[in-house]
Amino acid sequence: MRAKQLTALLTAAAMITGMCACGSSGEPAGSGSKDGGAAAAGVETTESGEIVKQDPFFKYEEPVTITTFFEISPTLENFKESDPDEIYFFQQMKEETNISLDYLWYAAKTADDSVQKKSMAIASGELPDFMLVNSAQLGMLAKTDLINRDMGDIFEAYASDDLIEWTTCEGMGAIKSATYDGEMIAIPLVSGSIDNTPMLWIRRDWMNNLGLEMPETMEELYDVMLAFKNDDPDGNGVDDTTGLTIHNDFLSTGMSDVVGLFNGFGAYPGAWVEDGNGGLTYGSTTKEARQALEYLAKMYQDGLIRVDFSSVDGTAASEELIGGTSGLFYGKMFCGGWPLMYGAQNDPSADWVALPLPSATGEPARPQTAISIEAYAVVSAKCEHPEAIVRMLNYFIEKSTAEKEEYNRCLVSYDGTTTNFPLMYIMLRNDYALKNLNAHYACMEAVEKEDPSALSGEPLAYYEAIMKYQDGDIAGGYMGQKIFGDDMSSYTVIDYYHQNDLVLLDAFYGEPTETMGQKLTLITDAVMEYYTKVIMGTDSLDRFDEFVAECNALGLDQITEEVNAWYLEQ
Amino acid sequence: MKLKTSLSRKIFLAADYIILALAVCLSLFPLIHILALSFSSAAAAAAGRVSIFPVDVTLDAYKYILGKAEFFRAFGISLLRVALGTAISLSLTILSAYAMSQPDRNFHARKYFVWVFLITMVFSGGMIPLFVVIKAVGIYNSIWALVLPGAVSAFNVVLMLNFFRGLPYALTESALIDGANHFQIMARIVVPISKPSLATVGLFTIVMHWNSWFDGMIYMSDTSKYPLQTYLRNVINSVDVAKMDLTMASAMNTLSQRTVTAAQIFIAIIPILLVYPALQKYFITGMTLGSVKE
């Protein structure tokens, strides 16, 4: 019965996905073979076992308190524990739904603090009513009876159409990744994977100084790097520039990584990609990856990469970009804000622009990314009102897409100057995959018509920043212009990826397989070690096959087998 | 008569001093770098232009910290923790060490109790059981969770116990004959002549309490109750590029104040810098005195 319900949900969602122009196709999964499970408490079923849709915007008659946790983002300076309760968003939530939140603990939003506190909660078996976990923690919880396993039914009964569309906009992967043994045990909180695609950032003023053309192939890129290194692009008469900025953890995407460079060769390190024979293969050990490595090793030999890159961390790499000694790096769309905006504060003439990935294959390069699941919302088995979690998500989406007037009422200011939707106060939230791209379109239209009256909320803020930039306040409007503007900004690149359907999603999005959990870190460490050595010239590419064999010996072939077994089931 | 130093001896000494000087530079450099950062302008720091001398000297970072209530609150909690923790640790350590320093003929189960302590040096219950215990006894999210769990360190007990055993037992015996009880002997005779070992154990405890951050993180459910090092740990944590998003990127202005971070680190070092010289003279004696037994 439950399998049937899940199938129904997936089909319903797939229909909505069809309406959403996201590219990837969702197909209903339906192989969970559990039978006879009764519907979740509070979920009505018809005689044939179909779940009756409830009003997604219902209000509890009695006040309901849901316990959870609070993650203090570093953005929230001088945070007080009473702050979240005082914002309009939560006061209105109490008004409209009769739900209020009680925070059992407060943690700083840093890698260890928050993760540790959650792990302690899991380990000691005392979960708050709902909590957000990562996929490893979800896998752990899946084996326990600490969490409510009927979330699929509850989600189906109470989720608003918007919530289903947001969750499934990029296909069924998100829901499937929260499904264990045919049961959806958590609500995946998604964001836009397209926002996480790599692109090439380049100093246009340097290009103009040297009279160069924007690179489209890897060969052209190499010439640009040589010129940036050797031809004094900043014209200060000192040999202080570098070819390409990379940092020591160069396969972790964000800023100054080389994943985009690998993609230019059709290599997808760390991702599972189709091998052309109907199976999946690991992107770090392909022959395309070898070509990319060869390119990088040559770059290092020619002095285009810092000699000591293997001891340069993200912060140090950003210093290079801010300090104006580098004019080229691979990064995500946010780089237009940090670090580049701070570079513009130092030197307003630093005119960074974003380019689609140059390619070595003759075909346009496909930027790699993964389905973007920010977290999984798990609900404690002891929680008496599991549907309240779905209700709050409905409420969140309702408010974050509200009409101008209501939306503006929700806005808060973190630093006293700009106003934002209070995302930093809201733990339970997700994101529409194309939200930022749509904001870019809206901005473009307003810029063209010189009329922002149709804009509200975030797009309006971006529009105002673009106007600031165009009025000469370079540093003040830099972020808006470089990310959302019309002139070779992050989103003109992402728009290009989107229009041409170039984004390549990691094909594996399930629960980490058994061997993966045990051995993948060993393998990624081995990959990083070998790659770093090859780039620095202390290990040879002739040993590449040997390196692949080593990875297999470490468990890669076993993992590949498991991943392919998973892939067959999809 | 003056001893003639051979050439090889001179070379050895020269090499010695050079190596030691390098080691000193190595350990001083990070400290000086942090100090220089804290006095530099934010722009110079973000662009990585500061090494051992401040660039664009300014006191902005320190002025900013003066207005940062969280920092001083965390600082206060750490001071309280050190005071409370050291007092509790020292008294408990003295009590257990004194009892176990008695000769076997007076305290038959002595060996058994020593073993009870020694076992905890090798085996521990682990993090989760400890966490569960702390929650169950009701000290979770209070200062006691930082002070009580590590109050008696077996290592310190053994150190002090050996020191006590090194004292002439005749002192205790004569006091017993004069009619003193054990508590009086401990308080009036043994403790006053054990200053080196008290200073050593005290210093260990102070430094341990001042430096630990992990317990603050897992036992405190309010960030406003974090001790200084836990607070700093969260402030210093370098930017996680992989987790960066638009909101974070736009807020990096306040986050990337490396100068402020540097100033906070520097202020946090000061108390320990002050404690060390005061206790240094006892330190070496305290470590080794108990180690030789007749």
# chains A, B, ... in the order shown; residues from 1 in each chain; ligands from 1
>>> residues_around(residues="Ser142 (chain B)", least_positions_apart="4", cutoff="12 Å", atoms="only C-alpha atoms", output="list of chain:residue names")
B:Ile77, B:Arg81, B:Ile134, B:Lys135, B:Val137, B:Gly138, B:Leu146, B:Val147, B:Leu148, B:Asp215, B:Gly216, B:Ile218, B:Tyr219, B:Met220, B:Ser221, B:Asp222, B:Thr223, B:Ser224, B:Lys225, B:Tyr226, B:Pro227
>>> write_last_selection(atoms="N, CA and C atoms", output="CSV table (one decimal), in the first residue's frame")
chain,number,residue,atom,x,y,z
B,77,ILE,N,33.5,34.3,31.0
B,77,ILE,CA,33.2,32.9,31.3
B,77,ILE,C,34.5,32.1,31.4
B,81,ARG,N,35.7,30.1,34.6
B,81,ARG,CA,35.9,28.7,34.5
B,81,ARG,C,37.3,28.3,35.0
B,134,ILE,N,26.2,13.7,31.4
B,134,ILE,CA,26.1,15.2,31.8
B,134,ILE,C,24.7,15.7,31.6
B,135,LYS,N,24.0,15.2,30.6
B,135,LYS,CA,22.6,15.6,30.5
B,135,LYS,C,21.8,15.1,31.6
B,137,VAL,N,22.6,14.2,34.7
B,137,VAL,CA,22.8,14.7,36.0
B,137,VAL,C,22.4,16.2,36.1
B,138,GLY,N,22.0,16.8,34.9
B,138,GLY,CA,21.4,18.1,34.9
B,138,GLY,C,22.4,19.2,34.9
B,146,LEU,N,31.6,22.3,32.3
B,146,LEU,CA,33.0,22.6,31.9
B,146,LEU,C,33.9,22.3,33.0
B,147,VAL,N,33.5,22.4,34.2
B,147,VAL,CA,34.4,22.3,35.4
B,147,VAL,C,34.5,20.9,36.0
B,148,LEU,N,33.3,20.3,36.1
B,148,LEU,CA,33.3,19.0,36.9
B,148,LEU,C,33.8,17.8,36.1
B,215,ASP,N,34.7,21.0,24.7
B,215,ASP,CA,33.6,20.7,25.7
B,215,ASP,C,32.6,21.9,25.7
B,216,GLY,N,33.1,23.1,25.5
B,216,GLY,CA,32.2,24.2,25.5
B,216,GLY,C,31.3,24.1,24.3
B,218,ILE,N,30.2,21.2,22.8
B,218,ILE,CA,29.1,20.2,22.9
B,218,ILE,C,28.3,20.2,24.2
B,219,TYR,N,28.8,20.8,25.2
B,219,TYR,CA,28.0,20.9,26.5
B,219,TYR,C,27.1,22.1,26.6
B,220,MET,N,27.4,23.1,25.8
B,220,MET,CA,26.6,24.4,25.9
B,220,MET,C,25.6,24.5,24.8
B,221,SER,N,24.3,24.7,25.1
B,221,SER,CA,23.4,24.8,24.1
B,221,SER,C,23.1,26.2,23.7
B,222,ASP,N,23.6,27.2,24.5
B,222,ASP,CA,23.5,28.6,24.1
B,222,ASP,C,24.9,29.1,23.7
B,223,THR,N,25.0,29.7,22.6
B,223,THR,CA,26.3,30.2,22.2
B,223,THR,C,26.7,31.3,23.1
B,224,SER,N,25.8,31.9,23.8
B,224,SER,CA,26.1,33.0,24.8
B,224,SER,C,26.8,32.5,26.0
B,225,LYS,N,26.8,31.1,26.2
B,225,LYS,CA,27.6,30.6,27.3
B,225,LYS,C,28.9,30.0,26.9
B,226,TYR,N,29.3,30.2,25.7
B,226,TYR,CA,30.6,29.6,25.3
B,226,TYR,C,31.7,30.3,26.0
B,227,PRO,N,32.7,29.5,26.4
B,227,PRO,CA,34.0,30.1,26.9
B,227,PRO,C,34.8,30.7,25.7
>>> interface_residues(of="chain A", to="chain B", cutoff="7 Å", atoms="only C-alpha atoms", output="number ranges by chain")
A: 74-75, 105-108, 110, 113, 116-117, 120, 123-124, 252-255, 314-315, 319-320, 322-323, 334, 337-338, 346
>>> select_by_dssp(residues="region 111-223 of chain A", states="helix (DSSP H, G or I)", output="JSON, numbers by chain")
{"A": [111, 112, 113, 114, 115, 116, 117, 118, 119, 120, 121, 122, 123, 124, 135, 136, 137, 138, 139, 140, 141, 142, 151, 152, 153, 154, 155, 156, 157, 158, 161, 162, 163, 164, 165, 166, 167, 168, 173, 174, 175, 176, 177, 193, 194, 195, 196, 204, 205, 206, 207, 208, 209, 210, 218, 219, 220, 221, 222, 223]}
>>> atom_distance(atom1="CA of Pro452 (chain A)", atom2="CA of Asp471 (chain A)")
15.7 Å
>>> residues_around(residues="region 85-93 of chain B", least_positions_apart="5", cutoff="9 Å", atoms="only C-alpha atoms", output="PDB file with C-alpha atoms, in the first residue's frame")
ATOM      1  CA  LEU B  80      35.286  32.107  35.834  1.00  0.00           C
ATOM      2  CA  TYR B  98      47.226  12.719  50.140  1.00  0.00           C
ATOM      3  CA  TRP B 144      29.542  22.972  35.861  1.00  0.00           C
ATOM      4  CA  LEU B 146      32.952  22.602  31.896  1.00  0.00           C
ATOM      5  CA  VAL B 147      34.389  22.300  35.386  1.00  0.00           C
ATOM      6  CA  LEU B 148      33.293  18.996  36.868  1.00  0.00           C
ATOM      7  CA  GLY B 150      37.666  16.780  34.098  1.00  0.00           C
ATOM      8  CA  ALA B 151      38.083  17.889  37.690  1.00  0.00           C
ATOM      9  CA  VAL B 152      40.293  15.003  38.792  1.00  0.00           C
ATOM     10  CA  SER B 153      42.986  14.131  36.324  1.00  0.00           C
ATOM     11  CA  ALA B 154      44.698  10.871  37.158  1.00  0.00           C
ATOM     12  CA  ASN B 156      47.912  15.136  38.140  1.00  0.00           C
ATOM     13  CA  VAL B 157      46.991  12.898  41.044  1.00  0.00           C
ATOM     14  CA  MET B 160      51.211  15.003  43.307  1.00  0.00           C
ATOM     15  CA  LEU B 161      51.086  11.621  44.968  1.00  0.00           C
ATOM     16  CA  LEU B 198      50.823  22.661  43.618  1.00  0.00           C
ATOM     17  CA  VAL B 201      49.400  20.946  38.825  1.00  0.00           C
ATOM     18  CA  GLY B 202      47.782  24.373  39.105  1.00  0.00           C
ATOM     19  CA  LEU B 203      49.458  25.547  35.928  1.00  0.00           C
ATOM     20  CA  THR B 205      44.861  22.948  35.154  1.00  0.00           C
ATOM     21  CA  ILE B 206      44.800  26.631  34.353  1.00  0.00           C
ATOM     22  CA  HIS B 209      40.830  25.173  31.231  1.00  0.00           C
TER      23      HIS B 209
END
>>> residues_around(residues="Ser194 (chain B)", least_positions_apart="5", cutoff="10 Å", atoms="only C-alpha atoms", output="list in words")
Met160, Phe163, Phe164, Leu167, Ile189, Ala199 and Gly286 of chain B
>>> atom_distance(atom1="CA of Leu59 (chain B)", atom2="CA of Asp473 (chain A)")
27.8 Å
